[in-house]
Amino acid sequence: MSIKKPKQSNKISEEEQSSFRDEVADVRPLISEKRIETVKNKPSPKPRHNQDYFDSEESTQMNTMSDPVDLRDAAVDDVLFFARSGIQQKQLKKLRRGDLPIEYELDLHGYNVVEAKAAIYEFLGDCRKQHIRYAHIIHGKGYRSDGKIPVLKTHVAYWLPQHSDVLAFSSAQPKDGGTGAIYVILKSTK
């Protein structure tokens, strides 16, 4: 048995409209010399692919990164978290809550493991060059992979701690991809 709620009207009565107009009758727009425009440039979801980008140190570091032994280490809905020692708890709390500003984003949807590894290194290099501290990586949950094993999620969780610029990461809030994405704190390069 289901209970149906009566439909509520979304129409505003003439009396309510009149009351509202009376309340705001004296309101005037603010006129200011300084006009603040908030334009948030959405970060590019994919970095440029440039094979000549990596210097020899980065190329060596990328090639020495190990891959996970068992892809079943991370489940689709597992929350990822990593932090190097010395990071303030307040910063980690903000990271987990998604309260740090996303300055740059990488979306790995459609990438295979080899492409994702190169894209992450290029992305982290771009972050260093642009002095970016807070990044967002979308790795996906793995719903479309064989056996619903989150292949890229597992690899990303293994690769990032091996990169010297990565200080911490945590699974994102649902509004930013949930367990299919992570927030990353990077070393300051300024």
# chains A, B, ... in the order shown; residues from 1 in each chain; ligands from 1
>>> residues_around(residues="segment 95-106 of chain A", least_positions_apart="4", cutoff="10 Å", atoms="only C-alpha atoms", output="PyMOL selection string")
chain A and resi 40-47+80-81+89-91+116+119-120+123-124+126-127+130-139+168-176+181-185
>>> write_last_selection(atoms="N, CA and C atoms", output="tab-separated table (two decimals), in the first residue's frame")
chain	number	residue	atom	x	y	z
A	40	LYS	N	34.86	31.50	-12.42
A	40	LYS	CA	35.70	30.36	-12.08
A	40	LYS	C	36.03	29.63	-13.37
A	41	ASN	N	37.29	29.66	-13.73
A	41	ASN	CA	37.70	28.92	-14.91
A	41	ASN	C	37.72	27.44	-14.58
A	42	LYS	N	36.94	26.69	-15.29
A	42	LYS	CA	36.91	25.25	-15.04
A	42	LYS	C	38.23	24.66	-15.52
A	43	PRO	N	38.86	23.86	-14.67
A	43	PRO	CA	40.13	23.28	-15.08
A	43	PRO	C	39.93	22.35	-16.27
A	44	SER	N	40.95	22.26	-17.07
A	44	SER	CA	40.91	21.36	-18.20
A	44	SER	C	40.84	19.92	-17.71
A	45	PRO	N	39.90	19.12	-18.23
A	45	PRO	CA	39.77	17.76	-17.72
A	45	PRO	C	40.89	16.83	-18.13
A	46	LYS	N	41.60	17.14	-19.20
A	46	LYS	CA	42.69	16.28	-19.65
A	46	LYS	C	43.90	17.13	-19.98
A	47	PRO	N	45.07	16.72	-19.53
A	47	PRO	CA	46.26	17.49	-19.89
A	47	PRO	C	46.65	17.21	-21.34
A	80	LEU	N	39.47	5.90	-0.52
A	80	LEU	CA	40.93	5.94	-0.56
A	80	LEU	C	41.43	7.09	0.32
A	81	PHE	N	42.55	6.85	0.98
A	81	PHE	CA	43.18	7.90	1.78
A	81	PHE	C	44.66	7.60	1.91
A	89	GLN	N	46.71	18.11	10.70
A	89	GLN	CA	45.41	17.44	10.77
A	89	GLN	C	44.29	18.33	10.21
A	90	LYS	N	44.41	19.63	10.44
A	90	LYS	CA	43.40	20.56	9.93
A	90	LYS	C	43.35	20.50	8.40
A	91	GLN	N	44.51	20.42	7.78
A	91	GLN	CA	44.60	20.33	6.32
A	91	GLN	C	43.99	19.02	5.82
A	116	ALA	N	46.89	6.09	-18.65
A	116	ALA	CA	46.59	6.76	-17.37
A	116	ALA	C	47.87	7.07	-16.62
A	119	ALA	N	49.48	9.98	-18.29
A	119	ALA	CA	48.66	11.18	-18.08
A	119	ALA	C	48.84	11.73	-16.67
A	120	ILE	N	48.92	10.83	-15.69
A	120	ILE	CA	49.11	11.27	-14.30
A	120	ILE	C	50.46	11.95	-14.14
A	123	PHE	N	50.27	15.28	-15.82
A	123	PHE	CA	49.40	16.12	-15.00
A	123	PHE	C	50.16	16.65	-13.78
A	124	LEU	N	50.86	15.77	-13.07
A	124	LEU	CA	51.61	16.20	-11.88
A	124	LEU	C	52.74	17.16	-12.26
A	126	ASP	N	52.60	19.24	-14.84
A	126	ASP	CA	51.91	20.51	-15.11
A	126	ASP	C	51.57	21.22	-13.81
A	127	CYS	N	51.13	20.46	-12.82
A	127	CYS	CA	50.79	21.05	-11.52
A	127	CYS	C	52.02	21.72	-10.91
A	130	GLN	N	52.85	24.96	-12.78
A	130	GLN	CA	51.86	26.01	-12.58
A	130	GLN	C	51.65	26.33	-11.09
A	131	HIS	N	52.47	25.76	-10.22
A	131	HIS	CA	52.40	26.00	-8.77
A	131	HIS	C	51.03	25.64	-8.19
A	132	ILE	N	50.49	24.52	-8.62
A	132	ILE	CA	49.19	24.07	-8.15
A	132	ILE	C	49.36	23.19	-6.93
A	133	ARG	N	48.57	23.47	-5.89
A	133	ARG	CA	48.63	22.71	-4.64
A	133	ARG	C	47.51	21.70	-4.51
A	134	TYR	N	46.33	22.02	-5.06
A	134	TYR	CA	45.15	21.18	-4.85
A	134	TYR	C	44.59	20.72	-6.18
A	135	ALA	N	44.60	19.42	-6.38
A	135	ALA	CA	44.16	18.85	-7.65
A	135	ALA	C	43.03	17.85	-7.42
A	136	HIS	N	42.41	17.48	-8.51
A	136	HIS	CA	41.27	16.55	-8.48
A	136	HIS	C	41.51	15.55	-9.62
A	137	ILE	N	41.55	14.28	-9.29
A	137	ILE	CA	41.74	13.24	-10.30
A	137	ILE	C	40.51	12.34	-10.30
A	138	ILE	N	39.89	12.22	-11.46
A	138	ILE	CA	38.72	11.36	-11.62
A	138	ILE	C	39.20	10.05	-12.25
A	139	HIS	N	39.15	8.98	-11.49
A	139	HIS	CA	39.62	7.68	-11.99
A	139	HIS	C	38.48	6.75	-12.33
A	168	ALA	N	49.29	14.10	-0.01
A	168	ALA	CA	48.12	13.41	0.53
A	168	ALA	C	47.05	13.31	-0.55
A	169	PHE	N	46.17	12.32	-0.38
A	169	PHE	CA	44.98	12.25	-1.22
A	169	PHE	C	43.87	11.57	-0.46
A	170	SER	N	42.65	11.86	-0.88
A	170	SER	CA	41.47	11.29	-0.24
A	170	SER	C	40.35	11.17	-1.28
A	171	SER	N	39.52	10.16	-1.13
A	171	SER	CA	38.36	10.04	-2.01
A	171	SER	C	37.53	11.32	-1.92
A	172	ALA	N	36.95	11.68	-3.03
A	172	ALA	CA	36.20	12.93	-3.13
A	172	ALA	C	34.83	12.82	-2.48
A	173	GLN	N	34.22	13.95	-2.26
A	173	GLN	CA	32.84	14.03	-1.81
A	173	GLN	C	31.93	13.64	-2.98
A	174	PRO	N	30.71	13.19	-2.70
A	174	PRO	CA	29.80	12.78	-3.78
A	174	PRO	C	29.62	13.83	-4.89
A	175	LYS	N	29.60	15.10	-4.54
A	175	LYS	CA	29.42	16.16	-5.55
A	175	LYS	C	30.59	16.24	-6.52
A	176	ASP	N	31.75	15.71	-6.13
A	176	ASP	CA	32.95	15.76	-6.98
A	176	ASP	C	33.36	14.38	-7.49
A	181	ALA	N	36.71	9.35	-7.57
A	181	ALA	CA	37.64	10.46	-7.76
A	181	ALA	C	38.37	10.73	-6.45
A	182	ILE	N	39.47	11.46	-6.55
A	182	ILE	CA	40.23	11.83	-5.35
A	182	ILE	C	40.64	13.29	-5.40
A	183	TYR	N	40.77	13.86	-4.21
A	183	TYR	CA	41.39	15.18	-4.04
A	183	TYR	C	42.85	14.91	-3.70
A	184	VAL	N	43.75	15.76	-4.22
A	184	VAL	CA	45.18	15.56	-4.00
A	184	VAL	C	45.80	16.85	-3.49
A	185	ILE	N	46.64	16.74	-2.47
A	185	ILE	CA	47.46	17.88	-2.00
A	185	ILE	C	48.88	17.64	-2.50
>>> select_by_dssp(residues="segment 134-179 of chain A", states="alpha helix (DSSP H)", output="list in words")
Val151, Leu152, Lys153, Thr154, His155, Val156, Ala157, Tyr158 and Trp159 of chain A
>>> residues_around(residues="Asp165 of chain A", least_positions_apart="4", cutoff="9 Å", atoms="only C-alpha atoms", output="ChimeraX atom specification")
/A:124,128,160-161,185-188
>>> closest_residue(among="A:Pro150, A:Tyr111, A:Thr179, A:Ser85", to="Val166 of chain A", atoms="only C-alpha atoms")
A:Ser85
>>> closest_residue(among="A:Arg28, A:His109, A:Arg84, A:Lys11", to="Gly177 of chain A", atoms="only C-alpha atoms")
A:His109
>>> residues_around(residues="Asp77 of chain A", least_positions_apart="6", cutoff="9 Å", atoms="only C-alpha atoms", output="VMD selection string")
chain A and resid 141 178 to 180
>>> write_last_selection(atoms="N, CA and C atoms", output="compact mmCIF listing (two decimals), in the first residue's frame")
# COMPACT_ATOMS: atom_id res chain seq x y z
N LYS A 141 34.86 4.51 -11.03
CA LYS A 141 34.61 3.50 -10.00
C LYS A 141 34.85 2.09 -10.50
N GLY A 178 32.72 11.30 -5.64
CA GLY A 178 32.69 10.27 -4.60
C GLY A 178 33.88 9.34 -4.67
N THR A 179 33.63 8.05 -4.54
CA THR A 179 34.73 7.07 -4.54
C THR A 179 35.28 6.82 -5.95
N GLY A 180 34.80 7.56 -6.93
CA GLY A 180 35.32 7.47 -8.30
C GLY A 180 36.30 8.60 -8.60
>>> select_by_dssp(residues="segment 57-165 of chain A", states="strand (DSSP E)", output="number ranges by chain")
A: 81-83, 104-107, 134-138
>>> decode(residues="segment 13-27 of chain A", atoms="C-alpha atoms", output="short mmCIF file (atom, residue, chain, number, x, y, z; two decimals), in the first residue's frame")
data_model
loop_
_atom_site.label_atom_id
_atom_site.label_comp_id
_atom_site.auth_asym_id
_atom_site.auth_seq_id
_atom_site.Cartn_x
_atom_site.Cartn_y
_atom_site.Cartn_z
CA SER A 13 -1.31 34.11 -4.30
CA GLU A 14 -1.99 37.75 -5.14
CA GLU A 15 -1.92 38.52 -1.42
CA GLU A 16 1.57 37.00 -1.03
CA GLN A 17 2.84 38.85 -4.11
CA SER A 18 1.48 42.14 -2.83
CA SER A 19 2.99 41.56 0.61
CA PHE A 20 6.38 40.80 -0.93
CA ARG A 21 6.31 43.93 -3.11
CA ASP A 22 5.45 46.05 -0.05
CA GLU A 23 8.40 44.59 1.89
CA VAL A 24 10.97 45.24 -0.83
CA ALA A 25 9.60 48.57 -2.07
CA ASP A 26 12.43 50.58 -0.50
CA VAL A 27 15.21 48.29 -1.71
#
